Structure formats: C-alpha cells, structure tokens
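Peer 1: mmCIF, C-alpha atoms, file data-v4.cif:
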data_model
#
loop_
_atom_site.label_atom_id
_atom_site.label_comp_id
_atom_site.auth_asym_id
_atom_site.auth_seq_id
_atom_site.Cartn_x
_atom_site.Cartn_y
_atom_site.Cartn_z
CA MET N 1 144.21 18.30 70.31
CA MET N 2 146.91 20.13 72.30
CA HIS N 3 145.44 23.43 71.15
CA THR N 4 141.98 22.43 72.46
CA LYS N 5 143.33 21.45 75.90
CA SER N 6 145.19 24.75 76.19
CA PHE N 7 142.03 26.63 75.29
CA ILE N 8 139.98 24.74 77.87
CA TRP N 9 142.53 25.34 80.63
CA PHE N 10 142.63 29.00 79.69
CA PHE N 11 138.82 29.03 79.99
CA VAL N 12 138.95 27.35 83.41
CA ILE N 13 141.48 29.85 84.75
CA ALA N 14 139.58 32.80 83.31
CA PHE N 15 136.34 31.50 84.82
CA ALA N 16 137.93 31.05 88.25
CA LEU N 17 139.37 34.58 88.13
CA GLY N 18 135.97 35.90 87.11
CA LEU N 19 134.40 34.23 90.14
CA THR N 20 137.05 35.81 92.31
CA PHE N 21 136.21 39.28 91.07
CA VAL N 22 132.50 38.66 91.59
CA ALA N 23 132.75 37.15 95.08
CA LEU N 24 135.46 39.20 96.79
CA PRO N 25 134.18 42.79 96.45
CA GLN N 26 130.98 41.90 98.30
CA SER N 27 132.85 40.62 101.32
CA ALA N 28 135.60 43.23 101.32
CA THR N 29 133.25 46.21 101.43
CA ALA N 30 133.88 46.87 105.12
CA GLN N 31 137.61 47.00 104.53
CA THR N 32 137.46 49.28 101.52
CA THR N 33 135.01 51.59 103.26
CA GLY N 34 137.65 52.29 105.91
CA LYS N 35 137.57 52.76 109.63
CA CYS N 36 137.09 56.49 109.35
CA GLN N 37 133.92 56.17 107.33
CA GLN N 38 132.59 53.46 109.66
CA ALA N 39 133.15 55.67 112.68
CA LYS N 40 131.48 58.58 110.93
CA ASP N 41 128.46 56.41 110.16
CA ALA N 42 128.28 55.02 113.71
CA ASP N 43 125.27 55.82 115.87
CA ASP N 44 125.73 58.86 118.13
CA ASP N 45 124.39 58.49 121.67
CA ASP N 46 124.09 62.28 122.14
CA ALA N 47 125.41 62.34 125.72
CA ASP N 48 125.39 66.16 125.66
CA GLU N 49 121.58 66.12 125.61
CA ASN N 50 121.61 64.53 129.10
CA LEU N 51 123.52 67.40 130.71
CA SER N 52 121.69 69.66 133.11
CA ALA N 53 121.52 73.42 132.65
CA GLU N 54 123.75 73.72 135.72
CA ASP N 55 126.40 71.49 134.08
CA LYS N 56 126.26 73.46 130.85
CA ALA N 57 126.71 76.72 132.80
CA LYS N 58 129.96 75.38 134.34
CA VAL N 59 131.57 74.92 130.91
CA LYS N 60 134.31 77.55 130.37
CA LEU N 61 135.71 76.31 127.06
CA ALA N 62 133.88 76.95 123.78
CA PRO N 63 133.43 73.92 121.48
CA GLU N 64 135.68 75.54 118.85
CA GLU N 65 138.48 76.02 121.37
CA ALA N 66 138.23 72.41 122.53
CA ARG N 67 138.27 71.26 118.92
CA ALA N 68 141.45 73.25 118.22
CA ILE N 69 143.16 71.75 121.29
CA ALA N 70 142.14 68.23 120.24
CA LEU N 71 143.43 68.76 116.69
CA LYS N 72 146.75 70.03 118.05
CA LYS N 73 147.07 66.79 120.00
CA VAL N 74 146.01 64.54 117.08
CA ALA N 75 146.10 66.03 113.60
CA GLY N 76 143.30 64.80 111.35
CA THR N 77 139.59 65.10 110.66
CA VAL N 78 137.02 65.34 113.45
CA LEU N 79 134.36 62.70 112.86
CA ASP N 80 132.30 63.23 116.00
CA ALA N 81 132.31 65.73 118.84
CA GLU N 82 130.19 65.97 121.95
CA LEU N 83 130.05 67.56 125.36
CA GLU N 84 129.62 64.92 128.06
CA LYS N 85 129.89 64.29 131.75
CA GLU N 86 132.01 61.28 132.54
CA LYS N 87 132.79 60.26 136.12
CA GLY N 88 131.58 63.66 137.29
CA GLN N 89 133.90 65.54 134.92
CA LEU N 90 132.62 67.76 132.12
CA GLN N 91 134.55 67.10 128.94
CA TYR N 92 134.50 67.36 125.20
CA ALA N 93 134.97 64.01 123.47
CA PHE N 94 136.26 63.91 119.91
CA ASP N 95 136.68 61.04 117.46
CA ILE N 96 139.49 62.04 115.12
CA CYS N 97 140.64 60.19 112.02
CA ASP N 98 144.36 60.73 111.48
CA GLY N 99 146.24 60.67 108.17
CA ASN N 100 146.83 56.91 108.48
CA GLY N 101 143.13 56.11 108.82
CA LYS N 102 143.34 55.39 112.56
CA ILE N 103 140.57 56.62 114.83
CA TRP N 104 141.57 58.41 118.02
CA ASP N 105 139.51 59.21 121.13
CA VAL N 106 140.54 62.63 122.38
CA GLU N 107 138.98 64.06 125.53
CA ILE N 108 139.39 67.69 126.59
CA ASP N 109 138.40 69.07 130.00
CA ALA N 110 135.52 71.48 129.33
CA ILE N 111 136.55 73.80 132.15
CA THR N 112 140.37 73.89 132.04
CA GLY N 113 141.08 72.91 128.41
CA GLU N 114 143.48 70.20 129.58
CA VAL N 115 143.87 67.08 127.42
CA ILE N 116 142.46 64.25 129.52
CA GLN N 117 143.11 61.47 127.06
CA ALA N 118 144.31 60.90 123.51
CA GLU N 119 144.39 57.23 122.59
CA GLU N 120 143.66 55.05 119.60
CA ASP N 121 140.09 53.81 119.46
CA ASP N 122 139.59 50.04 119.35
CA LYS N 123 135.80 49.94 118.98
CA ASP N 124 135.97 48.87 115.32
CA ASP N 125 137.93 45.65 116.01
CA ASP N 126 134.72 43.61 115.80
CA THR N 127 133.98 45.04 112.35
CA ASP N 128 137.49 44.23 111.13
CA THR N 129 137.20 40.68 112.43
CA ALA N 130 133.83 40.23 110.72
CA ALA N 131 135.28 41.54 107.46
CA ARG N 132 138.17 39.08 107.70
CA ARG N 133 135.75 36.19 108.34
CA ASN N 134 133.67 37.23 105.32
CA LEU N 135 136.80 37.44 103.18
CA LYS N 136 137.86 33.93 104.24
CA LYS N 137 134.38 32.60 103.41
CA ALA N 138 134.51 34.26 99.98
CA LYS N 139 137.93 32.73 99.29
CA LYS N 140 136.59 29.27 100.20
CA VAL N 141 133.65 29.75 97.83
CA VAL N 142 135.97 30.79 95.00
CA VAL N 143 138.26 27.81 95.58
CA LYS N 144 135.29 25.40 95.64
CA ALA N 145 133.95 26.94 92.44
CA ALA N 146 137.33 26.66 90.72
CA VAL N 147 137.66 23.00 91.76
CA ALA N 148 134.12 22.30 90.50
CA VAL N 149 134.87 23.96 87.16
CA LYS N 150 138.10 21.99 86.86
CA ASN N 151 136.32 18.69 87.62
CA VAL N 152 133.56 19.39 85.11
CA THR N 153 136.11 20.39 82.49
CA VAL N 154 138.19 17.26 83.06
CA LYS N 155 135.09 15.04 82.77
CA ALA N 156 134.05 16.85 79.60
CA MET N 157 137.54 16.43 78.16
CA ASP N 158 137.50 12.70 78.96
CA LYS N 159 134.22 12.32 77.08
CA VAL N 160 135.43 14.34 74.09
CA PHE N 161 138.81 12.64 73.81
#
Would you mind writing the structure in this file as structure tokens?

Peer 2:
Amino acid sequence: MMHTKSFIWFFVIAFALGLTFVALPQSATAQTTGKCQQAKDADDDDADENLSAEDKAKVKLAPEEARAIALKKVAGTVLDAELEKEKGQLQYAFDICDGNGKIWDVEIDAITGEVIQAEEDDKDDDTDTAARRNLKKAKKVVVKAAVAVKNVTVKAMDKVF
C-alpha cells in the first residue's frame, strides 16, 4: 500500500511539472526573444522619406560616418538607422543593441557629426510588463492544475483504499 501511494504522488508531481513545461514557454516567448530582436522587428516609420531635397542637400555627414560615430559612443549592433529632422535639426538616429541586450537611442548631428544623445531606450517596457503578466497567469494556471490533479488523486485514493 505504501508503494502505491508513493507511485501516485510521484505521478502527481510529474504531471504538475509536465504542465509547467507546457504552459510556461508559451507565455515566456517575449522574454526569450529578447529586447534586441523585438526592436529589430519593430515597425519603422521611415522619417527619412519625409525630408525635402533641400534638407537632404544640407547633410554633410555620410551615413557610414554617422554609424561609426554612433558605434564609438555605444558599442554593439545597429538594429535601425535613419536620417530624420527633429525640432528643425537634421540628424541620424540609431537603435543600437549593446552586449548586455540593452537598446540605446543614439542621435548624431547630420551636419557636424556631434553626438546629440546616447541614452537607453525605454520603449519596450510595455512589452516586458505584458510578458510578466502572461508569466504570472501561466503560473496561476499551473498551480490550479496541480491542485486539481492532487484533489482528484486524493479522491481516487480514498475510493481505492
């Protein structure tokens, strides 16, 4: 009889762990994908297409030069680059993923080559929060399933013994 109870409890624990492995990967996809991949997949608004020919003629810095300056400021992989006009200033805007997986917004003046800004991007905070909520929901589902399996097993054991 003791052997049978041990076997049933082993089955309950194994079943609960199995549910965990089935439920959690679906909700943790955003976290395992990583911020860098999410930023790379993000929709590009193509601000450089809205520049006039006159604005484009004012640009003194080649895109490759601006890219090199940005990568000197923040070492990593360029995920997105565009020429834009912001607050009347022509600039190159780069999204760079550093070695730690953080996304940085780096802006380079398109005329002087000066670094205007280099700061960590916080646009993906909503995605992280949504992933955390999904993970909490998945954990609740797994706990409810484990409790249900335990209750069914206990009732079955009472009937058998």

Peer 1: Expand the PyMOL selection byres ((chain N and resi 76) around 12) into the individual residues it matches in the shown file, reporting them as number ranges by chain.

Peer 2: N: 36, 67-68, 70-75, 77-79, 94-106

Peer 1: For a quick check of understanding, using all atoms listed in the file, which of N:Ala118, N:Val160, N:Ile108, N:Leu135 has the smallest distance to N:Glu65?

Peer 2: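 Of N:Ala118, N:Val160, N:Ile108, N:Leu135, the one nearest N:Glu65 is N:Ile108, counting all atoms listed in the file.
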
Peer 1: Using Å and a single decimal, report how far atom CA of N:Glu86 sits from atom CA of N:Lys60.

Peer 2: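 Atom CA of N:Glu86 lies 16.6 Å from atom CA of N:Lys60.
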
Peer 1: I'd like the residues picked by the PyMOL selection byres ((chain N and resi 89-91) around 12) written out as a PyMOL selection string, using the chain letters and numbers from the file.

Peer 2: chain N and resi 47-48+50-52+54-63+66-67+70+81-88+92-94+106-117

Peer 1: Using only C-alpha atoms, which residue out of N:Ile69, N:Arg132, N:Ala14, N:Glu120 lies closest to N:Ala146?

Peer 2: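 Smallest separation from N:Ala146 among the options: N:Ala14.
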